[in-house]
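Okay, final.txt now, which holds compact mmCIF, C-alpha atoms:
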```
# COMPACT_ATOMS: atom_id res chain seq x y z
CA MET I 1 0.00 0.00 0.00
CA SER I 2 1.24 3.51 -0.78
CA ASP I 3 2.13 5.82 2.08
CA GLN I 4 -1.02 7.90 1.59
CA GLY I 5 -2.83 4.81 2.88
CA VAL I 6 -1.43 5.26 6.37
CA ALA I 7 -2.92 8.65 7.08
CA THR I 8 -6.59 7.92 7.80
CA ARG I 9 -5.84 5.27 10.44
CA SER I 10 -2.94 6.89 12.27
CA GLY I 11 -2.93 9.49 15.03
CA PRO I 12 -6.45 10.74 15.81
CA GLY I 13 -7.66 8.55 12.95
CA ARG I 14 -6.88 5.49 15.05
CA LEU I 15 -9.36 6.72 17.65
CA LEU I 16 -11.94 7.46 14.95
CA VAL I 17 -11.65 3.92 13.55
CA ALA I 18 -11.99 2.52 17.10
CA VAL I 19 -15.23 4.45 17.67
CA TYR I 20 -16.54 3.36 14.26
CA ALA I 21 -15.71 -0.25 15.09
CA ILE I 22 -17.72 0.00 18.34
CA PHE I 23 -20.69 1.36 16.40
CA ALA I 24 -20.33 -1.32 13.73
CA LEU I 25 -20.49 -3.91 16.51
CA ALA I 26 -23.39 -2.20 18.32
CA ALA I 27 -25.47 -1.58 15.20
CA GLY I 28 -24.68 -5.00 13.73
CA ALA I 29 -25.59 -6.92 16.88
CA ARG I 30 -28.72 -4.86 17.37
CA ALA I 31 -29.90 -5.33 13.78
CA GLY I 32 -29.10 -9.04 13.92
CA VAL I 33 -31.19 -9.58 17.06
CA GLN I 34 -34.08 -7.42 15.79
CA ILE I 35 -34.28 -9.16 12.43
CA ALA I 36 -33.84 -12.64 13.86
CA THR I 37 -36.40 -12.29 16.65
CA ARG I 38 -39.12 -9.82 15.60
CA PHE I 39 -38.70 -8.57 12.03
CA ASP I 40 -42.47 -8.42 11.25
CA GLU I 41 -43.13 -5.96 14.11
CA ALA I 42 -41.36 -3.06 12.40
CA PRO I 43 -39.80 -4.07 9.10
CA LEU I 44 -38.91 -0.49 8.14
CA ALA I 45 -37.05 0.28 11.37
CA TYR I 46 -35.23 -3.04 11.38
CA THR I 47 -34.22 -2.80 7.75
CA LEU I 48 -32.81 0.64 8.49
CA SER I 49 -30.98 -0.89 11.46
CA ALA I 50 -29.34 -3.36 9.13
CA VAL I 51 -28.48 -0.62 6.61
CA ALA I 52 -26.91 1.42 9.42
CA ALA I 53 -24.87 -1.60 10.48
CA VAL I 54 -23.58 -2.16 6.95
CA ILE I 55 -22.65 1.53 6.64
CA TYR I 56 -20.71 1.43 9.92
CA VAL I 57 -18.84 -1.72 8.90
CA LEU I 58 -17.98 -0.15 5.52
CA ALA I 59 -16.83 3.09 7.15
CA THR I 60 -14.71 1.22 9.72
CA VAL I 61 -12.94 -0.92 7.14
CA ALA I 62 -12.50 1.89 4.61
CA LEU I 63 -11.08 4.31 7.20
CA ALA I 64 -8.77 1.59 8.53
CA LEU I 65 -7.43 0.76 5.06
CA GLY I 66 -7.28 4.35 3.81
CA GLY I 67 -6.09 3.72 0.26
CA ARG I 68 -7.39 5.72 -2.69
CA THR I 69 -10.45 3.57 -3.31
CA SER I 70 -11.02 3.20 0.43
CA ARG I 71 -11.09 6.96 0.83
CA ARG I 72 -13.86 7.14 -1.79
CA VAL I 73 -15.78 4.33 -0.09
CA ALA I 74 -15.33 6.05 3.28
CA PHE I 75 -16.55 9.36 1.86
CA ALA I 76 -19.66 7.69 0.41
CA ALA I 77 -20.35 5.73 3.61
CA LEU I 78 -19.96 8.80 5.83
CA THR I 79 -22.18 10.91 3.57
CA ILE I 80 -24.92 8.26 3.58
CA GLU I 81 -24.48 7.95 7.34
CA LEU I 82 -24.94 11.68 7.85
CA ALA I 83 -28.00 11.72 5.56
CA GLY I 84 -29.33 8.60 7.30
CA VAL I 85 -29.06 9.96 10.81
CA LEU I 86 -30.74 13.21 9.75
CA ILE I 87 -33.55 11.52 7.79
CA VAL I 88 -34.19 8.69 10.27
CA GLY I 89 -33.86 11.13 13.17
CA THR I 90 -36.55 13.37 11.67
CA LEU I 91 -38.83 10.47 10.66
CA SER I 92 -38.58 8.83 14.07
CA LEU I 93 -39.80 12.03 15.71
CA ALA I 94 -42.45 12.73 13.04
CA ASP I 95 -43.83 9.17 12.89
CA PRO I 96 -42.89 7.36 16.13
CA GLU I 97 -45.23 4.45 15.32
CA ALA I 98 -43.05 3.29 12.46
CA PHE I 99 -40.12 3.10 14.91
CA PRO I 100 -41.44 1.32 18.03
CA ASP I 101 -38.03 -0.12 18.82
CA ALA I 102 -35.15 2.30 18.49
CA THR I 103 -32.46 2.06 15.83
CA VAL I 104 -29.04 3.66 16.28
CA TRP I 105 -30.26 6.62 14.23
CA SER I 106 -33.63 7.21 15.98
CA GLY I 107 -33.99 10.63 17.58
CA PHE I 108 -30.72 11.66 15.90
CA GLY I 109 -28.85 8.98 17.83
CA ARG I 110 -30.20 10.08 21.22
CA GLY I 111 -29.87 6.56 22.65
CA TYR I 112 -26.14 6.69 21.94
CA GLY I 113 -25.37 10.13 23.34
CA PHE I 114 -25.83 11.76 19.91
CA ILE I 115 -22.51 10.24 18.87
CA PRO I 116 -24.09 8.90 15.62
CA LEU I 117 -24.88 12.51 14.68
CA VAL I 118 -21.40 13.88 15.43
CA LEU I 119 -19.37 10.94 14.11
CA PRO I 120 -19.92 11.41 10.35
CA VAL I 121 -19.15 15.12 10.64
CA ILE I 122 -15.85 14.39 12.39
CA GLY I 123 -15.15 11.59 9.90
CA LEU I 124 -15.73 13.81 6.86
CA TYR I 125 -13.55 16.49 8.41
CA TRP I 126 -10.83 13.89 9.03
CA LEU I 127 -10.99 12.68 5.41
CA ARG I 128 -10.53 16.28 4.32
CA ARG I 129 -7.63 16.83 6.72
CA THR I 130 -5.80 13.73 5.50
CA ARG I 131 -6.47 14.39 1.81
CA PRO I 132 -3.31 13.64 -0.19
CA ALA I 133 -1.78 16.74 -1.79
CA ALA I 134 -2.51 17.12 -5.49
CA PRO I 135 0.49 15.93 -7.51
CA MET Q 1 -26.52 -11.01 36.38
CA THR Q 2 -23.94 -11.43 39.07
CA ASN Q 3 -24.05 -8.02 40.70
CA TRP Q 4 -20.69 -7.95 42.47
CA LEU Q 5 -18.98 -9.03 39.26
CA ALA Q 6 -20.78 -6.44 37.13
CA THR Q 7 -19.81 -3.73 39.63
CA THR Q 8 -16.21 -4.94 39.66
CA ILE Q 9 -16.03 -4.84 35.85
CA ILE Q 10 -17.46 -1.31 35.76
CA VAL Q 11 -15.01 -0.08 38.42
CA VAL Q 12 -11.97 -1.74 36.80
CA SER Q 13 -12.83 -0.48 33.33
CA LEU Q 14 -13.51 3.07 34.55
CA LEU Q 15 -10.18 3.07 36.42
CA GLY Q 16 -8.57 1.73 33.25
CA ALA Q 17 -10.19 4.51 31.21
CA ALA Q 18 -8.91 7.13 33.67
CA TYR Q 19 -5.41 5.64 33.65
CA SER Q 20 -5.33 5.57 29.84
CA LEU Q 21 -6.70 9.10 29.65
CA VAL Q 22 -3.87 10.33 31.88
CA THR Q 23 -1.36 8.54 29.64
CA ALA Q 24 -2.89 10.13 26.54
CA LEU Q 25 -2.93 13.59 28.14
CA ARG Q 26 0.73 13.19 29.10
CA ASP Q 27 1.41 12.42 25.42
CA ARG Q 28 2.83 8.97 26.09
CA PRO Q 29 2.27 5.80 24.07
CA MET Q 30 0.62 2.83 25.77
CA ASP Q 31 2.78 0.34 27.66
CA VAL Q 32 2.58 -3.06 29.25
CA GLY Q 33 0.52 -1.66 32.16
CA HIS Q 34 -2.38 -0.91 29.81
CA LEU Q 35 -2.19 -4.39 28.34
CA ILE Q 36 -2.29 -5.99 31.81
CA MET Q 37 -5.31 -3.85 32.70
CA LEU Q 38 -7.12 -4.88 29.50
CA GLY Q 39 -6.19 -8.51 30.18
CA LEU Q 40 -7.79 -8.22 33.62
CA VAL Q 41 -10.98 -6.75 32.10
CA GLU Q 42 -11.05 -9.56 29.52
CA VAL Q 43 -10.69 -12.26 32.20
CA LEU Q 44 -13.52 -10.69 34.24
CA LEU Q 45 -15.71 -10.59 31.11
CA VAL Q 46 -15.02 -14.25 30.33
CA VAL Q 47 -15.99 -15.16 33.92
CA GLN Q 48 -19.15 -13.10 33.50
CA ALA Q 49 -20.01 -14.88 30.24
CA VAL Q 50 -19.58 -18.29 31.87
CA LEU Q 51 -21.69 -17.31 34.92
CA GLY Q 52 -24.20 -15.65 32.58
CA PHE Q 53 -24.74 -18.82 30.58
CA VAL Q 54 -25.06 -20.83 33.79
CA LYS Q 55 -27.77 -18.45 35.04
CA LEU Q 56 -29.53 -18.38 31.68
CA GLY Q 57 -29.50 -22.18 31.64
CA ASP Q 58 -31.03 -22.04 35.12
CA ASP Q 59 -33.88 -19.88 33.71
CA GLN Q 60 -32.96 -16.79 35.71
CA GLY Q 61 -32.44 -14.64 32.65
CA PRO Q 62 -34.49 -11.84 31.08
CA ALA Q 63 -37.35 -12.45 28.63
CA ASP Q 64 -35.25 -10.88 25.88
CA SER Q 65 -32.34 -13.26 26.22
CA ALA Q 66 -31.16 -12.90 22.59
CA THR Q 67 -30.15 -9.26 23.12
CA PHE Q 68 -28.50 -10.12 26.41
CA ILE Q 69 -26.44 -12.93 24.89
CA GLY Q 70 -25.49 -10.59 22.03
CA TYR Q 71 -24.08 -8.11 24.53
CA MET Q 72 -22.45 -10.78 26.68
CA LEU Q 73 -20.51 -12.23 23.73
CA GLY Q 74 -19.97 -8.99 21.80
CA ILE Q 75 -18.36 -7.33 24.80
CA LEU Q 76 -15.66 -10.03 24.84
CA LEU Q 77 -14.27 -8.62 21.59
CA ILE Q 78 -13.67 -5.13 22.90
CA PRO Q 79 -10.64 -5.41 25.24
CA ALA Q 80 -8.85 -7.73 22.79
CA ALA Q 81 -9.58 -5.57 19.75
CA GLY Q 82 -8.74 -2.39 21.70
CA ALA Q 83 -5.39 -3.82 22.78
CA GLY Q 84 -4.50 -4.94 19.25
CA TRP Q 85 -5.59 -1.72 17.58
CA GLY Q 86 -4.08 0.55 20.25
CA VAL Q 87 -0.70 -1.15 20.49
CA LEU Q 88 -0.08 -0.49 16.78
CA GLU Q 89 -0.19 3.25 17.44
CA ARG Q 90 2.99 4.52 19.06
CA SER Q 91 1.54 7.88 20.08
CA ARG Q 92 -0.95 9.32 22.57
CA TRP Q 93 -3.77 8.02 20.37
CA GLY Q 94 -2.92 4.43 21.34
CA PRO Q 95 -4.05 4.93 24.96
CA GLY Q 96 -6.85 7.07 23.45
CA VAL Q 97 -8.21 3.92 21.84
CA ILE Q 98 -8.03 2.17 25.22
CA VAL Q 99 -10.11 4.97 26.80
CA VAL Q 100 -12.84 4.31 24.20
CA ALA Q 101 -12.63 0.54 24.74
CA CYS Q 102 -12.87 0.82 28.55
CA LEU Q 103 -15.75 3.30 28.47
CA SER Q 104 -17.60 1.07 25.98
CA VAL Q 105 -17.22 -1.92 28.32
CA ALA Q 106 -18.60 0.10 31.25
CA VAL Q 107 -21.57 1.39 29.23
CA MET Q 108 -22.34 -2.08 27.88
CA ILE Q 109 -22.34 -3.57 31.39
CA VAL Q 110 -24.82 -0.92 32.51
CA ARG Q 111 -27.01 -1.75 29.48
CA MET Q 112 -26.75 -5.46 30.26
CA ASN Q 113 -27.93 -4.77 33.81
CA GLN Q 114 -30.96 -2.93 32.41
CA ILE Q 115 -31.76 -5.73 29.95
CA TRP Q 116 -31.36 -8.32 32.70
CA ALA Q 117 -33.75 -6.39 34.96
CA GLY Q 118 -36.18 -6.04 32.05
CA ASP Q 119 -36.42 -2.23 32.18
CA VAL Q 120 -35.42 -1.18 28.68
```
Can the structure in the file be given as structure tokens, please?
Amino acid sequence: MSDQGVATRSGPGRLLVAVYAIFALAAGARAGVQIATRFDEAPLAYTLSAVAAVIYVLATVALALGGRTSRRVAFAALTIELAGVLIVGTLSLADPEAFPDATVWSGFGRGYGFIPLVLPVIGLYWLRRTRPAAP
Amino acid sequence: MTNWLATTIIVVSLLGAAYSLVTALRDRPMDVGHLIMLGLVEVLLVVQAVLGFVKLGDDQGPADSATFIGYMLGILLIPAAGAGWGVLERSRWGPGVIVVACLSVAVMIVRMNQIWAGDV
């Protein structure tokens, strides 16, 4: 891997990847249990749970690898994550009945100390900070 | 859950988080002390998982046992992954990773207590 690949996972980036990994684990386990035990109760919320989990896994791996393609994948994942937390956050407040059992993004990530709302912003900033200089 | 054990894990991981935070603030990389601390947390978590399965088998568990088991097994990954990921970073951000790992363990134990008691 080229040396530009080191940047996103070193220094503060190492902490960022660690937090993403925790959320990948939390969202993945949560979605797994919801879908396995009671999918028909709230298919929309649980599908979104699974989508969130996939996004967190993608973001974790892409930030940890940090190559050129990985940076693009990370950028896409973080953008979808930011859109997701804003859209799901708004929907979960506007139509609580569709979200009887919380997802990581419900109420803008309230159940997780609003970290899901802050994380993509920090991540996108970090991708910008570590952007390789134009040749 | 086994209350004394849950309390012990929370106390040890919070002390570990504080210790790692001090290391990070002093701008030092992590050392063998952090690894020993994480090893202790891991051992306590393994004991908890064993006792947890014994109690679940004895029908003392919560109605929502799937979530509880998910937490009980998922939490085992955190000290090991934190140690591996943190030790690769020879700067203050290595112990920074350990702070996140320890705080996550403490929060997850609190959540497990709530799930066990059924008030979620």
Spatial neighbours of Ser104 of chain Q, 8 Å, all atoms listed in the file, chain gap at least 3 places, as a ChimeraX atom specification: /I:22 /Q:78,100-101,107-108
Can you pull out every residue within 9 Å of Tyr56 of chain I, counting only C-alpha atoms, but drop anything in the same chain fewer than 2 positions away, and send it as an mmCIF file with C-alpha atoms, keeping the file's coordinate frame?
```cif
data_model
loop_
_atom_site.group_PDB
_atom_site.id
_atom_site.type_symbol
_atom_site.label_atom_id
_atom_site.label_comp_id
_atom_site.auth_asym_id
_atom_site.auth_seq_id
_atom_site.Cartn_x
_atom_site.Cartn_y
_atom_site.Cartn_z
ATOM 1 C CA TYR I 20 -16.540 3.360 14.260
ATOM 2 C CA ALA I 21 -15.710 -0.250 15.090
ATOM 3 C CA PHE I 23 -20.690 1.360 16.400
ATOM 4 C CA ALA I 24 -20.330 -1.320 13.730
ATOM 5 C CA LEU I 25 -20.490 -3.910 16.510
ATOM 6 C CA ALA I 27 -25.470 -1.580 15.200
ATOM 7 C CA GLY I 28 -24.680 -5.000 13.730
ATOM 8 C CA VAL I 51 -28.480 -0.620 6.610
ATOM 9 C CA ALA I 52 -26.910 1.420 9.420
ATOM 10 C CA ALA I 53 -24.870 -1.600 10.480
ATOM 11 C CA VAL I 54 -23.580 -2.160 6.950
ATOM 12 C CA LEU I 58 -17.980 -0.150 5.520
ATOM 13 C CA ALA I 59 -16.830 3.090 7.150
ATOM 14 C CA THR I 60 -14.710 1.220 9.720
ATOM 15 C CA VAL I 61 -12.940 -0.920 7.140
ATOM 16 C CA ALA I 77 -20.350 5.730 3.610
ATOM 17 C CA LEU I 78 -19.960 8.800 5.830
ATOM 18 C CA GLU I 81 -24.480 7.950 7.340
#
```
Provide as a compact mmCIF listing (two decimals) with C-alpha atoms, keeping the file's coordinate frame the residues of chain I at most 6 Å from chain Q, counting all atoms listed in the file.
```
# COMPACT_ATOMS: atom_id res chain seq x y z
CA GLY I 11 -2.93 9.49 15.03
CA PRO I 12 -6.45 10.74 15.81
CA LEU I 15 -9.36 6.72 17.65
```
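Nearest residue to Val22 of chain Q among Q:Gln60, Q:Thr8, Q:His34, Q:Val46 is Q:His34, counting all atoms listed in the file.
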Out of Q:Ala80, Q:Arg26, Q:Leu15, Q:Leu56, which residue has the shortest atom-to-atom distance to Gly39 of chain Q when counting all atoms listed in the file?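 Distance minimum relative to Gly39 of chain Q lands on Q:Ala80.
One distance worth recording is that between atom CA of Ala42 of chain I and atom CA of Val118 of chain I, which is 26.4 Å.
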Using only C-alpha atoms, can you list as a ChimeraX atom specification the residues within 8 Å of (-27.8, -13.1, 40.1)? /Q:1-3,55,60
Using all atoms listed in the file, can you tell me which of Q:Val105, Q:Val110, Q:Pro79, Q:Ala117 comes closest to Glu42 of chain Q? Q:Pro79
Work out how far atom CA of Ile115 of chain Q is from atom CA of Ser13 of chain Q, in Å to one decimal. 19.9 Å
As AutoDock Vina command-line options, please report the centre and edge lengths, rounded to one decimal in Å, of the axis-aligned box that holds all listed atoms of segment 66-69 of chain Q with 8 Å of padding on each of the six sides.
```
--center_x -28.8 --center_y -11.1 --center_z 24.5 --size_x 20.7 --size_y 19.7 --size_z 19.8
```
I'd like the interatomic distance between atom CA of Ala50 of chain I and atom CA of Ala18 of chain I, to a tenth of an Å.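 Computing it gives 20.0 Å between the two atoms.
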Which residues, written as a ChimeraX atom specification, have at least one atom at most 8 Å from Val85 of chain I, with all atoms listed in the file counted and residues fewer than 3 positions away on the same chain left out? /I:81-82,88-89,105-106,108-109,116-117
Mind writing the picked residues with C-alpha atoms as an mmCIF file, in the frame of the given file?
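What ended up in again_27.cif:
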```
data_model
loop_
_atom_site.group_PDB
_atom_site.id
_atom_site.type_symbol
_atom_site.label_atom_id
_atom_site.label_comp_id
_atom_site.auth_asym_id
_atom_site.auth_seq_id
_atom_site.Cartn_x
_atom_site.Cartn_y
_atom_site.Cartn_z
ATOM 1 C CA GLU I 81 -24.480 7.950 7.340
ATOM 2 C CA LEU I 82 -24.940 11.680 7.850
ATOM 3 C CA VAL I 88 -34.190 8.690 10.270
ATOM 4 C CA GLY I 89 -33.860 11.130 13.170
ATOM 5 C CA TRP I 105 -30.260 6.620 14.230
ATOM 6 C CA SER I 106 -33.630 7.210 15.980
ATOM 7 C CA PHE I 108 -30.720 11.660 15.900
ATOM 8 C CA GLY I 109 -28.850 8.980 17.830
ATOM 9 C CA PRO I 116 -24.090 8.900 15.620
ATOM 10 C CA LEU I 117 -24.880 12.510 14.680
#
```
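Each of I:Pro120, I:Pro132, I:Gly32, I:Gly13 was compared to Ala76 of chain I using all atoms listed in the file, and I:Pro120 turns out to be the nearest.
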Residues at most 12 Å from Gln34 of chain I, counting all atoms listed in the file, excluding those fewer than 3 positions away in the same chain, as a tab-separated table (two decimals) with C-alpha atoms, in the frame of the given file?
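Ended up saving to part18.tsv:
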```tsv
chain	number	residue	atom	x	y	z
I	27	ALA	CA	-25.47	-1.58	15.20
I	28	GLY	CA	-24.68	-5.00	13.73
I	29	ALA	CA	-25.59	-6.92	16.88
I	30	ARG	CA	-28.72	-4.86	17.37
I	31	ALA	CA	-29.90	-5.33	13.78
I	37	THR	CA	-36.40	-12.29	16.65
I	38	ARG	CA	-39.12	-9.82	15.60
I	39	PHE	CA	-38.70	-8.57	12.03
I	40	ASP	CA	-42.47	-8.42	11.25
I	41	GLU	CA	-43.13	-5.96	14.11
I	42	ALA	CA	-41.36	-3.06	12.40
I	43	PRO	CA	-39.80	-4.07	9.10
I	44	LEU	CA	-38.91	-0.49	8.14
I	45	ALA	CA	-37.05	0.28	11.37
I	46	TYR	CA	-35.23	-3.04	11.38
I	47	THR	CA	-34.22	-2.80	7.75
I	48	LEU	CA	-32.81	0.64	8.49
I	49	SER	CA	-30.98	-0.89	11.46
I	50	ALA	CA	-29.34	-3.36	9.13
I	100	PRO	CA	-41.44	1.32	18.03
I	101	ASP	CA	-38.03	-0.12	18.82
I	102	ALA	CA	-35.15	2.30	18.49
I	103	THR	CA	-32.46	2.06	15.83
Q	64	ASP	CA	-35.25	-10.88	25.88
Q	66	ALA	CA	-31.16	-12.90	22.59
Q	67	THR	CA	-30.15	-9.26	23.12
Q	70	GLY	CA	-25.49	-10.59	22.03
```
